[in-house]
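Structure data follow from work-v5.cif (mmCIF, C-alpha atoms):
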```
data_model
loop_
_atom_site.label_atom_id
_atom_site.label_comp_id
_atom_site.auth_asym_id
_atom_site.auth_seq_id
_atom_site.Cartn_x
_atom_site.Cartn_y
_atom_site.Cartn_z
CA MET V 14 0.00 0.00 0.00
CA LEU V 15 2.17 2.33 1.43
CA LYS V 16 3.74 5.50 0.72
CA ILE V 17 3.54 8.40 3.12
CA THR V 18 3.97 11.20 0.59
CA PRO V 19 2.82 11.64 -3.02
CA ILE V 20 4.94 9.77 -5.54
CA CYS V 21 5.67 10.76 -9.09
CA ILE V 22 8.30 9.98 -11.66
CA SER V 23 10.36 13.00 -10.67
CA LEU V 24 11.37 11.11 -7.53
CA LEU V 25 13.60 8.95 -9.67
CA ALA V 26 15.76 11.95 -10.47
CA SER V 27 15.99 12.86 -6.79
CA LEU V 28 17.64 9.52 -6.04
CA CYS V 29 20.90 10.71 -7.44
CA ALA V 30 20.70 14.12 -5.77
CA LEU V 31 21.83 13.23 -2.77
CA CYS V 32 9.78 -11.97 15.03
CA SER V 33 11.08 -13.16 18.21
CA PRO V 34 13.16 -10.49 19.87
CA ALA V 35 16.73 -10.04 18.68
CA THR V 36 19.28 -11.87 20.76
CA GLY V 37 20.77 -8.86 22.52
CA ASP V 38 22.30 -5.68 21.17
CA ILE V 39 24.01 -6.04 17.81
CA PRO V 40 27.72 -5.17 17.84
CA GLN V 41 28.17 -1.85 16.05
CA ASN V 42 30.71 -1.30 13.32
CA ASN V 43 31.34 2.43 13.49
CA ASN V 44 34.04 2.49 10.84
CA GLY V 45 32.31 0.74 7.98
CA PRO V 46 29.29 -1.16 6.78
CA SER V 47 27.39 -3.68 8.85
CA ARG V 48 27.93 -7.15 7.47
CA VAL V 49 24.54 -8.76 6.95
CA GLU V 50 24.35 -12.44 6.10
CA ILE V 51 21.38 -14.71 5.55
CA LYS V 52 22.29 -18.13 6.85
CA SER V 53 20.61 -21.27 5.58
CA LEU V 54 19.55 -23.69 8.34
CA PRO V 55 18.24 -27.26 8.25
CA GLN V 56 14.66 -27.95 7.09
CA GLY V 57 14.58 -24.93 4.81
CA HIS V 58 14.84 -22.42 7.67
CA TYR V 59 16.83 -19.19 7.62
CA GLU V 60 18.54 -16.86 10.06
CA MET V 61 19.81 -13.33 9.56
CA LEU V 62 23.18 -12.40 11.04
CA VAL V 63 24.36 -8.83 11.55
CA ASN V 64 28.08 -8.58 12.24
CA GLY V 65 27.98 -12.28 13.05
CA GLN V 66 25.12 -12.09 15.58
CA PRO V 67 21.53 -13.33 15.11
CA PHE V 68 19.09 -10.54 14.27
CA PHE V 69 15.32 -10.80 13.90
CA GLY V 70 13.70 -7.64 12.59
CA ASN V 71 11.37 -6.13 15.19
CA GLY V 72 10.51 -3.31 12.86
CA VAL V 73 8.10 -0.59 11.84
CA GLY V 74 7.33 1.39 8.74
CA GLY V 75 8.27 5.05 9.14
CA TYR V 76 10.91 6.98 11.01
CA GLU V 77 9.18 9.31 13.44
CA ASN V 78 9.27 8.67 17.19
CA LEU V 79 12.48 6.64 16.90
CA PRO V 80 13.57 6.96 20.56
CA MET V 81 10.20 5.47 21.52
CA LEU V 82 10.70 2.66 18.99
CA LYS V 83 13.98 1.76 20.69
CA ALA V 84 12.44 2.01 24.16
CA MET V 85 9.56 -0.26 23.15
CA GLY V 86 11.89 -3.02 21.95
CA GLY V 87 12.07 -2.29 18.23
CA ASN V 88 15.38 -2.63 16.45
CA CYS V 89 14.81 -1.49 12.86
CA PHE V 90 12.59 0.46 10.50
CA ARG V 91 12.04 0.74 6.78
CA THR V 92 11.82 3.72 4.45
CA TRP V 93 10.35 3.97 0.95
CA GLY V 94 12.65 6.31 -0.97
CA ILE V 95 16.28 7.44 -0.88
CA GLU V 96 15.17 11.04 -0.37
CA SER V 97 14.19 10.08 3.20
CA LEU V 98 17.85 9.65 4.07
CA GLU V 99 18.44 13.33 3.36
CA GLU V 100 16.11 14.33 6.19
CA THR V 101 17.57 15.35 9.52
CA ILE V 102 16.45 14.72 13.10
CA ASP V 103 17.94 16.87 15.85
CA GLY V 104 20.32 18.20 13.23
CA LYS V 105 21.60 14.74 12.27
CA PRO V 106 21.06 12.82 9.02
CA LEU V 107 18.53 10.04 9.42
CA LEU V 108 21.04 7.17 9.17
CA ASP V 109 23.36 8.79 11.72
CA TYR V 110 20.46 9.37 14.08
CA ALA V 111 19.30 5.76 13.73
CA HIS V 112 22.81 4.43 14.30
CA GLU V 113 23.22 6.41 17.51
CA LEU V 114 20.01 4.79 18.78
CA GLY V 115 21.21 1.32 17.79
CA LEU V 116 18.57 0.94 15.07
CA LYS V 117 19.03 -0.65 11.65
CA VAL V 118 17.38 0.59 8.46
CA VAL V 119 15.90 -1.20 5.48
CA VAL V 120 16.77 1.50 2.96
CA GLY V 121 13.97 1.87 0.47
CA ILE V 122 14.87 2.62 -3.14
CA TRP V 123 11.77 3.79 -4.95
CA ILE V 124 11.29 2.02 -8.28
CA GLY V 125 9.00 3.48 -10.94
CA HIS V 126 5.33 2.50 -11.02
CA GLU V 127 3.52 2.23 -14.31
CA ARG V 128 0.47 3.92 -12.77
CA HIS V 129 2.66 6.98 -12.18
CA GLY V 130 3.77 7.02 -15.80
CA PHE V 131 6.91 4.88 -15.74
CA ASN V 132 7.28 2.84 -18.93
CA TYR V 133 9.20 -0.43 -18.58
CA LYS V 134 9.53 -0.57 -22.36
CA ASP V 135 11.34 2.78 -22.50
CA LYS V 136 15.10 2.16 -22.56
CA ARG V 137 15.88 5.77 -21.65
CA GLN V 138 13.77 5.58 -18.49
CA LEU V 139 15.24 2.21 -17.60
CA ASN V 140 18.83 3.45 -17.99
CA GLU V 141 18.14 6.57 -15.93
CA GLN V 142 16.60 4.45 -13.19
CA ARG V 143 19.55 2.05 -13.20
CA GLU V 144 22.01 4.92 -12.89
CA ALA V 145 20.03 6.42 -10.02
CA VAL V 146 19.94 3.11 -8.15
CA VAL V 147 23.69 2.60 -8.51
CA LYS V 148 24.44 6.14 -7.32
CA ALA V 149 22.18 5.67 -4.29
CA VAL V 150 23.86 2.39 -3.32
CA ARG V 151 27.34 3.85 -3.74
CA ARG V 152 26.43 6.78 -1.56
CA TYR V 153 25.00 4.87 1.41
CA LYS V 154 26.31 1.29 1.28
CA ASP V 155 29.08 1.85 3.82
CA HIS V 156 26.90 3.39 6.51
CA PRO V 157 26.73 1.08 9.56
CA ALA V 158 22.96 1.61 10.01
CA VAL V 159 22.06 -0.03 6.68
CA LEU V 160 20.43 -3.46 7.12
CA MET V 161 19.37 -4.24 3.55
CA TRP V 162 18.11 -2.62 0.37
CA GLY V 163 14.36 -2.33 -0.15
CA LEU V 164 14.31 -2.35 -3.94
CA GLY V 165 10.82 -1.16 -4.82
CA ASN V 166 7.46 -1.19 -3.06
CA GLU V 167 4.34 -2.65 -4.68
CA MET V 168 5.59 -1.65 -8.10
CA GLU V 169 3.72 -4.62 -9.59
CA GLY V 170 0.48 -2.66 -9.28
CA PRO V 171 -2.82 -3.74 -7.72
CA ILE V 172 -3.28 -6.65 -10.16
CA SER V 173 -0.55 -9.06 -11.19
CA ASP V 174 -0.72 -10.56 -14.68
CA GLY V 175 1.54 -11.67 -17.49
CA SER V 176 2.24 -8.11 -18.62
CA GLN V 177 4.19 -7.52 -15.41
CA VAL V 178 6.88 -10.05 -16.20
CA ARG V 179 8.98 -7.21 -17.63
CA ILE V 180 8.95 -5.57 -14.17
CA TRP V 181 10.37 -8.67 -12.47
CA LYS V 182 13.01 -8.99 -15.18
CA GLU V 183 14.07 -5.39 -14.70
CA LEU V 184 14.20 -5.78 -10.93
CA ASN V 185 16.48 -8.75 -11.47
CA GLU V 186 18.83 -6.53 -13.46
CA LEU V 187 18.71 -3.85 -10.76
CA ALA V 188 19.51 -6.42 -8.07
CA LYS V 189 22.55 -7.53 -10.07
CA LEU V 190 23.76 -3.94 -10.22
CA ILE V 191 23.32 -3.50 -6.47
CA LYS V 192 25.25 -6.68 -5.70
CA ARG V 193 28.14 -5.57 -7.90
CA GLU V 194 28.41 -2.45 -5.75
CA ASP V 195 27.66 -3.95 -2.34
CA SER V 196 28.29 -7.47 -1.08
CA ASN V 197 27.39 -6.69 2.54
CA HIS V 198 23.63 -6.16 2.35
CA PRO V 199 20.83 -8.34 0.93
CA VAL V 200 18.28 -7.13 -1.60
CA MET V 201 14.58 -7.27 -0.76
CA THR V 202 11.65 -6.34 -2.97
CA VAL V 203 8.21 -5.68 -1.48
CA ILE V 204 4.94 -6.82 -3.07
CA ALA V 205 1.29 -6.26 -2.16
CA GLY V 206 0.01 -9.62 -0.93
CA ILE V 207 0.76 -12.99 -2.49
CA GLY V 208 -2.31 -13.48 -4.67
CA GLY V 209 -2.32 -14.28 -8.34
CA GLU V 210 0.77 -15.44 -10.20
CA LYS V 211 3.23 -12.86 -8.85
CA VAL V 212 5.14 -15.22 -6.51
CA LYS V 213 5.57 -17.85 -9.21
CA ASN V 214 6.71 -15.19 -11.66
CA ILE V 215 9.21 -13.78 -9.18
CA ILE V 216 10.64 -17.27 -8.68
CA ARG V 217 11.04 -17.61 -12.44
CA TYR V 218 12.10 -14.14 -13.53
CA TYR V 219 13.76 -12.61 -10.45
CA PRO V 220 16.32 -15.14 -9.13
CA GLU V 221 18.64 -12.41 -7.76
CA ILE V 222 16.18 -11.47 -5.01
CA ASP V 223 17.44 -12.42 -1.53
CA VAL V 224 14.36 -11.67 0.58
CA LEU V 225 10.73 -11.27 -0.44
CA GLY V 226 8.89 -8.51 1.40
CA VAL V 227 5.11 -8.86 1.64
CA ASN V 228 2.62 -6.17 2.60
CA ALA V 229 -0.52 -7.78 4.00
CA TYR V 230 -3.25 -6.94 6.48
CA ALA V 231 -6.18 -9.28 7.20
CA SER V 232 -4.35 -12.02 5.30
CA ALA V 233 -1.00 -11.40 7.03
CA PRO V 234 -1.02 -14.37 9.45
CA GLY V 235 -1.13 -16.82 6.54
CA VAL V 236 1.64 -15.28 4.43
CA GLY V 237 4.29 -17.82 5.45
CA SER V 238 2.30 -20.95 4.67
CA GLY V 239 0.89 -19.30 1.54
CA LEU V 240 4.37 -18.64 0.20
CA VAL V 241 5.48 -22.20 0.87
CA SER V 242 2.41 -23.57 -0.90
CA GLN V 243 3.38 -21.53 -3.96
CA GLY V 244 6.90 -22.92 -4.00
CA TRP V 245 8.75 -20.07 -2.32
CA GLU V 246 11.97 -21.41 -0.79
CA LYS V 247 13.82 -18.23 0.19
CA PRO V 248 13.27 -16.12 3.33
CA PHE V 249 10.62 -13.42 3.61
CA MET V 250 9.72 -10.44 5.77
CA LEU V 251 6.27 -9.11 6.56
CA THR V 252 6.98 -5.55 5.49
CA GLU V 253 3.61 -4.02 6.37
CA PHE V 254 0.89 -5.24 8.68
CA GLY V 255 -1.70 -3.72 10.94
CA PRO V 256 -5.49 -3.57 11.12
CA SER V 257 -7.75 -5.02 8.47
CA GLY V 258 -7.44 -2.87 5.37
CA HIS V 259 -10.20 -0.51 4.35
CA TRP V 260 -10.91 -2.86 1.41
CA GLU V 261 -11.26 -5.88 3.75
CA VAL V 262 -13.96 -4.70 6.18
CA GLY V 263 -17.73 -4.35 6.22
CA LYS V 264 -19.38 -1.24 4.86
CA SER V 265 -22.32 0.99 5.65
CA PRO V 266 -25.39 0.83 3.37
CA TRP V 267 -23.87 3.73 1.35
CA GLY V 268 -20.45 2.09 1.08
CA ALA V 269 -18.41 3.71 3.88
CA PRO V 270 -15.85 1.20 5.27
CA LEU V 271 -16.16 0.43 8.98
CA GLU V 272 -12.94 1.23 10.81
CA PRO V 273 -11.93 -0.94 13.80
CA THR V 274 -11.43 0.81 17.14
CA SER V 275 -7.89 1.39 18.40
CA GLN V 276 -8.44 -1.42 20.89
CA GLU V 277 -9.47 -3.84 18.14
CA LYS V 278 -6.45 -2.80 16.12
CA ALA V 279 -4.11 -3.46 19.06
CA ALA V 280 -5.40 -7.02 19.30
CA SER V 281 -4.90 -7.46 15.55
CA TYR V 282 -1.29 -6.23 15.61
CA PHE V 283 -0.38 -8.55 18.47
CA ALA V 284 -2.06 -11.59 16.95
CA THR V 285 -0.48 -11.03 13.54
CA GLN V 286 3.01 -10.60 14.97
CA ASN V 287 2.81 -13.95 16.74
CA ARG V 288 0.99 -15.86 14.03
CA VAL V 289 3.25 -14.85 11.16
CA ILE V 290 6.33 -16.02 13.04
CA GLU V 291 4.69 -19.28 14.08
CA ASP V 292 3.25 -19.82 10.60
CA GLY V 293 6.37 -18.64 8.78
CA ALA V 294 7.90 -22.08 8.20
CA GLY V 295 11.19 -20.85 9.68
CA LYS V 296 11.59 -18.43 6.77
CA CYS V 297 10.45 -15.18 8.40
CA LEU V 298 13.34 -12.79 9.11
CA GLY V 299 11.27 -9.99 10.62
CA THR V 300 8.12 -7.89 10.57
CA PHE V 301 7.32 -4.19 10.16
CA ALA V 302 4.23 -2.76 11.84
CA PHE V 303 2.54 0.00 9.86
CA LEU V 304 2.53 2.97 10.41
CA TRP V 305 4.89 4.31 13.10
CA SER V 306 3.38 7.73 12.59
CA ASN V 307 0.03 8.88 11.17
CA LYS V 308 -1.44 9.59 7.75
CA GLN V 309 -4.68 10.25 5.96
CA GLU V 310 -5.72 7.09 4.17
CA THR V 311 -9.48 6.52 4.02
CA THR V 312 -9.56 8.22 7.44
CA SER V 313 -6.99 10.14 9.46
CA THR V 314 -6.69 7.29 12.00
CA TRP V 315 -6.97 4.01 10.10
CA TYR V 316 -3.31 3.05 9.78
CA GLY V 317 -1.41 5.40 12.09
CA MET V 318 -0.09 4.04 15.38
CA PHE V 319 -0.06 7.61 16.70
CA LEU V 320 -2.66 10.37 16.57
CA PRO V 321 -1.92 13.36 14.34
CA THR V 322 -1.31 15.27 17.60
CA GLY V 323 1.45 12.81 18.58
CA GLU V 324 -0.08 10.57 21.26
CA LYS V 325 0.62 6.83 21.00
CA LEU V 326 -2.26 4.42 20.56
CA GLY V 327 -2.76 0.93 21.98
CA THR V 328 -1.15 -0.55 18.88
CA VAL V 329 2.21 0.75 20.14
CA ASP V 330 1.63 -0.95 23.50
CA ALA V 331 0.71 -4.20 21.72
CA MET V 332 3.94 -4.21 19.73
CA SER V 333 5.97 -3.45 22.86
CA TYR V 334 4.46 -6.52 24.49
CA ALA V 335 5.03 -8.64 21.37
CA TRP V 336 8.69 -7.57 21.18
CA THR V 337 9.64 -7.66 24.87
CA GLY V 338 6.92 -9.50 26.79
CA GLU V 339 6.19 -6.33 28.75
CA PHE V 340 3.87 -3.37 28.35
CA PRO V 341 5.31 0.16 28.55
CA ASP V 342 5.23 1.97 31.89
CA ASN V 343 2.28 4.05 30.71
CA ARG V 344 -0.37 2.18 28.78
CA SER V 345 -2.79 3.87 26.43
CA PRO V 346 -6.48 3.99 27.33
CA LYS V 347 -8.55 0.96 26.29
CA LEU V 348 -11.64 1.90 24.26
CA TYR V 349 -14.32 -0.80 24.43
CA SER V 350 -17.27 0.70 22.56
CA LEU V 351 -18.64 3.75 20.78
CA ASP V 352 -22.45 3.85 20.71
CA SER V 353 -24.97 6.10 19.02
CA ASP V 354 -28.37 5.81 17.39
CA ALA V 355 -26.82 7.69 14.47
CA SER V 356 -24.18 5.02 13.81
CA LEU V 357 -24.57 3.54 10.32
CA GLU V 358 -27.89 5.37 9.96
CA ARG V 359 -29.39 8.04 7.74
CA ILE V 360 -30.35 11.07 9.83
CA ARG V 361 -32.08 14.39 9.22
CA ARG V 362 -30.16 17.57 8.46
CA GLY V 363 -29.75 19.74 11.54
CA SER V 364 -31.05 17.10 13.94
CA ASN V 365 -29.50 16.69 17.39
CA GLN V 366 -27.79 13.36 18.02
CA GLN V 367 -26.02 11.73 20.96
CA ALA V 368 -23.06 9.38 21.29
CA SER V 369 -21.17 7.80 24.16
CA VAL V 370 -17.88 5.98 24.54
CA LYS V 371 -16.78 3.37 27.07
CA VAL V 372 -13.11 3.67 28.00
CA GLU V 373 -10.83 2.42 30.75
CA ASP V 374 -7.30 3.55 31.55
CA PRO V 375 -5.09 0.67 32.78
CA ASP V 376 -3.07 3.08 34.93
CA GLY V 377 -6.02 4.98 36.36
CA ASP V 378 -4.95 8.20 34.65
CA PRO V 379 -7.48 11.03 34.21
CA LEU V 380 -8.90 11.13 30.68
CA THR V 381 -9.94 13.90 28.33
CA TYR V 382 -12.37 13.49 25.44
CA GLU V 383 -12.47 15.24 22.07
CA TRP V 384 -15.34 14.74 19.60
CA VAL V 385 -15.09 15.74 15.94
CA VAL V 386 -17.51 15.57 13.01
CA MET V 387 -15.74 15.17 9.67
CA ALA V 388 -16.90 14.72 6.11
CA GLU V 389 -16.35 11.29 4.62
CA SER V 390 -13.19 11.25 2.54
CA THR V 391 -13.78 11.41 -1.20
CA ASP V 392 -10.10 11.60 -2.14
CA ARG V 393 -9.35 7.88 -2.37
CA ALA V 394 -5.97 7.11 -3.87
CA VAL V 395 -4.43 3.80 -4.96
CA GLY V 396 -1.57 2.01 -3.25
CA GLY V 397 -1.22 4.41 -0.35
CA ASP V 398 -0.61 7.51 -2.48
CA TYR V 399 -1.34 10.91 -0.98
CA GLU V 400 -4.90 11.73 0.06
CA SER V 401 -6.18 15.10 1.24
CA THR V 402 -7.81 15.32 4.68
CA PRO V 403 -11.56 16.02 4.55
CA PRO V 404 -12.97 19.05 6.38
CA ALA V 405 -14.02 18.98 10.04
CA PHE V 406 -16.98 20.84 11.55
CA PRO V 407 -16.18 21.74 15.17
CA GLU V 408 -19.26 24.00 15.39
CA LEU V 409 -21.48 20.92 15.27
CA ILE V 410 -20.30 19.66 18.66
CA GLN V 411 -22.74 20.97 21.26
CA GLN V 412 -20.58 19.95 24.19
CA ASN V 413 -17.09 18.51 24.39
CA GLY V 414 -14.76 17.04 26.99
CA ASP V 415 -16.88 14.20 28.39
CA ASP V 416 -17.52 10.54 27.56
CA THR V 417 -20.93 11.51 26.12
CA VAL V 418 -21.61 14.11 23.45
CA THR V 419 -24.50 15.87 21.77
CA PHE V 420 -23.82 16.87 18.18
CA ARG V 421 -25.86 18.46 15.42
CA ALA V 422 -26.15 16.82 12.03
CA PRO V 423 -24.60 18.91 9.24
CA GLY V 424 -26.91 21.06 7.14
CA LYS V 425 -25.63 19.61 3.87
CA SER V 426 -26.65 16.14 2.73
CA GLY V 427 -23.94 13.54 2.36
CA PRO V 428 -21.71 11.03 4.23
CA TYR V 429 -19.91 11.98 7.45
CA ARG V 430 -18.15 10.42 10.45
CA LEU V 431 -18.09 11.13 14.15
CA PHE V 432 -14.65 10.64 15.71
CA VAL V 433 -13.77 10.45 19.38
CA TYR V 434 -10.22 10.91 20.68
CA VAL V 435 -9.52 9.91 24.28
CA ARG V 436 -6.24 11.00 25.85
CA ASP V 437 -4.56 10.34 29.18
CA ASP V 438 -2.11 12.83 30.68
CA HIS V 439 1.02 10.80 29.81
CA GLY V 440 0.97 10.74 26.00
CA GLY V 441 -1.40 7.80 25.51
CA ALA V 442 -4.64 7.81 23.52
CA ALA V 443 -7.49 5.77 22.08
CA THR V 444 -9.80 6.50 19.17
CA ALA V 445 -12.88 5.28 17.33
CA ASN V 446 -15.37 6.57 14.76
CA PHE V 447 -18.55 5.64 12.97
CA PRO V 448 -20.08 6.76 9.66
CA PHE V 449 -23.50 8.33 9.26
CA TYR V 450 -25.40 9.85 6.36
CA VAL V 451 -27.26 13.14 6.36
CA GLU V 452 -30.43 13.37 4.25
#
```
Could you show the structure in this file as structure tokens?
Amino acid sequence: MLKITPICISLLASLCALCSPATGDIPQNNNGPSRVEIKSLPQGHYEMLVNGQPFFGNGVGGYENLPMLKAMGGNCFRTWGIESLEETIDGKPLLDYAHELGLKVVVGIWIGHERHGFNYKDKRQLNEQREAVVKAVRRYKDHPAVLMWGLGNEMEGPISDGSQVRIWKELNELAKLIKREDSNHPVMTVIAGIGGEKVKNIIRYYPEIDVLGVNAYASAPGVGSGLVSQGWEKPFMLTEFGPSGHWEVGKSPWGAPLEPTSQEKAASYFATQNRVIEDGAGKCLGTFAFLWSNKQETTSTWYGMFLPTGEKLGTVDAMSYAWTGEFPDNRSPKLYSLDSDASLERIRRGSNQQASVKVEDPDGDPLTYEWVVMAESTDRAVGGDYESTPPAFPELIQQNGDDTVTFRAPGKSGPYRLFVYVRDDHGGAATANFPFYVE
């Protein structure tokens, strides 16, 4: 799915401008590249070694809140494009900042998507992309924070068919180029799910791949066994997982997808983390929870593990427990239900409506409540591309700050949602929403 910012072909030019816990801290090589090896074990199993020590990727997608990632037991993160490495945190380049925290990075190299206008039959575009990839690898391959190269993300498109064979063949050529430049880091390519013929075609046309990355949501627990059933013999990583996707859930009578609560999402993250390792046939080298930040995609809360205002949600607590066997010192509030007669209903314009939320804080912290009416998003992109945030209508909330609310239905017909944000006083939060339709 999963890009945080809009993507276009011009990004290619910018390239050259430039899940069990790990077994202890990985020895750092401050004077050169980390040496990453994928070791073959009996019975078709695999193990990743970093500087000679076993390393299982307890990872996330995104690079905000990195000190918290380290504190929660994470040890790596992935990016999507080389331009991310040019960003600075506390005045330090991203890779330097990660290295100081003891975190490894799957360095994403964005590869052109046909839906963005890239033509895999155009030799000029192919040569420019190859040159950009080589320059990126040369520039960053010796940094000790690099774990592996993430060569492309869901570039096969939403549907895999025979016409995409040329993409796998080109990725094979790109992987060869990377390996000529860098023998210390494996090459991984990320695909969207394992349906269709894509896995079989990768086996046939992309033999240079070292690790297969899979983005999956409701189907994530079965990725390992599914790959084995399709003949996949190499290792894999679950490169995105989280709640059920907006395409995988029930819908309102007018087609609005029903978003799980933050509490339901926390349970999903934890279950997936454990199941994919257990079900991974000894081939899983790590997982990456999505998203270690926030973004607008269908809603402003669906995939983010943090609120837009920065508070962590229960999904962060769930991953901490999955990685370390312990919850953080401060746990986020637990939201059990959001109830209203307006939920999933058609209501009159200007009518007064009520809603209530049931929440408990595990630490007994005082809670604050914020209610927001927002228009249903109509800017639906493909593959996680940028979406604009729909407008909010704060004037419709008759009273705020309590676990019950009275709100007025908008005066314009159409689909809307009521959101509730519950915050403790230590940076934890919970959230839920429901759709309604104004007639």
Item to check | Interatomic distance (Å, one decimal) between CA of Ile191 (chain V) and CA of Glu221 (chain V) | outcome: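 Taking CA of Ile191 (chain V) as the start and CA of Glu221 (chain V) as the end point, the length is 10.1 Å.
Note on the selection: in this file the PyMOL selection byres ((chain V and resi 371) around 12) comes out as Thr274, Gln276, Pro346, Lys347, Leu348, Tyr349, Ser350, Leu351, Asp352, Ser353, Ala368, Ser369, Val370, Val372, Glu373, Asp374, Leu380, Tyr382, Asp415, Asp416, Thr417, Val433, Tyr434, Val435, Ala443, Thr444 and Ala445 of chain V.
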Can you write out the residues you just picked, keeping C-alpha atoms, as a PDB file, keeping the file's coordinate frame?
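Result file part.pdb:
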```pdb
ATOM      1  CA  THR V 274     -11.430   0.810  17.140  1.00  0.00           C
ATOM      2  CA  GLN V 276      -8.440  -1.420  20.890  1.00  0.00           C
ATOM      3  CA  PRO V 346      -6.480   3.990  27.330  1.00  0.00           C
ATOM      4  CA  LYS V 347      -8.550   0.960  26.290  1.00  0.00           C
ATOM      5  CA  LEU V 348     -11.640   1.900  24.260  1.00  0.00           C
ATOM      6  CA  TYR V 349     -14.320  -0.800  24.430  1.00  0.00           C
ATOM      7  CA  SER V 350     -17.270   0.700  22.560  1.00  0.00           C
ATOM      8  CA  LEU V 351     -18.640   3.750  20.780  1.00  0.00           C
ATOM      9  CA  ASP V 352     -22.450   3.850  20.710  1.00  0.00           C
ATOM     10  CA  SER V 353     -24.970   6.100  19.020  1.00  0.00           C
ATOM     11  CA  ALA V 368     -23.060   9.380  21.290  1.00  0.00           C
ATOM     12  CA  SER V 369     -21.170   7.800  24.160  1.00  0.00           C
ATOM     13  CA  VAL V 370     -17.880   5.980  24.540  1.00  0.00           C
ATOM     14  CA  VAL V 372     -13.110   3.670  28.000  1.00  0.00           C
ATOM     15  CA  GLU V 373     -10.830   2.420  30.750  1.00  0.00           C
ATOM     16  CA  ASP V 374      -7.300   3.550  31.550  1.00  0.00           C
ATOM     17  CA  LEU V 380      -8.900  11.130  30.680  1.00  0.00           C
ATOM     18  CA  TYR V 382     -12.370  13.490  25.440  1.00  0.00           C
ATOM     19  CA  ASP V 415     -16.880  14.200  28.390  1.00  0.00           C
ATOM     20  CA  ASP V 416     -17.520  10.540  27.560  1.00  0.00           C
ATOM     21  CA  THR V 417     -20.930  11.510  26.120  1.00  0.00           C
ATOM     22  CA  VAL V 433     -13.770  10.450  19.380  1.00  0.00           C
ATOM     23  CA  TYR V 434     -10.220  10.910  20.680  1.00  0.00           C
ATOM     24  CA  VAL V 435      -9.520   9.910  24.280  1.00  0.00           C
ATOM     25  CA  ALA V 443      -7.490   5.770  22.080  1.00  0.00           C
ATOM     26  CA  THR V 444      -9.800   6.500  19.170  1.00  0.00           C
ATOM     27  CA  ALA V 445     -12.880   5.280  17.330  1.00  0.00           C
TER      28      ALA V 445
END
```
Checklist entry - What residues come out when you apply the PyMOL selection byres ((chain V and resi 356) around 12) to this file, written as a ChimeraX atom specification? => result /V:264-266,269,271,350-355,357-360,366-369,428-432,445-451
Please, could you write that set of residues out with C-alpha atoms as a PDB file, in the frame of the given file?
```pdb
ATOM      1  CA  LYS V 264     -19.380  -1.240   4.860  1.00  0.00           C
ATOM      2  CA  SER V 265     -22.320   0.990   5.650  1.00  0.00           C
ATOM      3  CA  PRO V 266     -25.390   0.830   3.370  1.00  0.00           C
ATOM      4  CA  ALA V 269     -18.410   3.710   3.880  1.00  0.00           C
ATOM      5  CA  LEU V 271     -16.160   0.430   8.980  1.00  0.00           C
ATOM      6  CA  SER V 350     -17.270   0.700  22.560  1.00  0.00           C
ATOM      7  CA  LEU V 351     -18.640   3.750  20.780  1.00  0.00           C
ATOM      8  CA  ASP V 352     -22.450   3.850  20.710  1.00  0.00           C
ATOM      9  CA  SER V 353     -24.970   6.100  19.020  1.00  0.00           C
ATOM     10  CA  ASP V 354     -28.370   5.810  17.390  1.00  0.00           C
ATOM     11  CA  ALA V 355     -26.820   7.690  14.470  1.00  0.00           C
ATOM     12  CA  LEU V 357     -24.570   3.540  10.320  1.00  0.00           C
ATOM     13  CA  GLU V 358     -27.890   5.370   9.960  1.00  0.00           C
ATOM     14  CA  ARG V 359     -29.390   8.040   7.740  1.00  0.00           C
ATOM     15  CA  ILE V 360     -30.350  11.070   9.830  1.00  0.00           C
ATOM     16  CA  GLN V 366     -27.790  13.360  18.020  1.00  0.00           C
ATOM     17  CA  GLN V 367     -26.020  11.730  20.960  1.00  0.00           C
ATOM     18  CA  ALA V 368     -23.060   9.380  21.290  1.00  0.00           C
ATOM     19  CA  SER V 369     -21.170   7.800  24.160  1.00  0.00           C
ATOM     20  CA  PRO V 428     -21.710  11.030   4.230  1.00  0.00           C
ATOM     21  CA  TYR V 429     -19.910  11.980   7.450  1.00  0.00           C
ATOM     22  CA  ARG V 430     -18.150  10.420  10.450  1.00  0.00           C
ATOM     23  CA  LEU V 431     -18.090  11.130  14.150  1.00  0.00           C
ATOM     24  CA  PHE V 432     -14.650  10.640  15.710  1.00  0.00           C
ATOM     25  CA  ALA V 445     -12.880   5.280  17.330  1.00  0.00           C
ATOM     26  CA  ASN V 446     -15.370   6.570  14.760  1.00  0.00           C
ATOM     27  CA  PHE V 447     -18.550   5.640  12.970  1.00  0.00           C
ATOM     28  CA  PRO V 448     -20.080   6.760   9.660  1.00  0.00           C
ATOM     29  CA  PHE V 449     -23.500   8.330   9.260  1.00  0.00           C
ATOM     30  CA  TYR V 450     -25.400   9.850   6.360  1.00  0.00           C
ATOM     31  CA  VAL V 451     -27.260  13.140   6.360  1.00  0.00           C
TER      32      VAL V 451
END
```
Checklist entry - What is the CA of Gly268 (chain V)-CA of Gly255 (chain V) distance in Å, reported with one decimal? => result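 Interatomic distance here is 22.0 Å.
CA of Ile207 (chain V) to CA of Ser242 (chain V) spans 10.8 Å [interatomic distance, one decimal].
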Next on the checklist: Expand the PyMOL selection byres ((chain V and resi 253) around 8) into the explicit residue set it covers here, and present it as a list in words.
Outcome noted: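 Evaluating the PyMOL selection byres ((chain V and resi 253) around 8) on this file yields Val73, Gly74, Val227, Asn228, Ala229, Tyr230, Leu251, Thr252, Phe254, Gly255, Thr300, Phe301, Ala302 and Phe303 of chain V.
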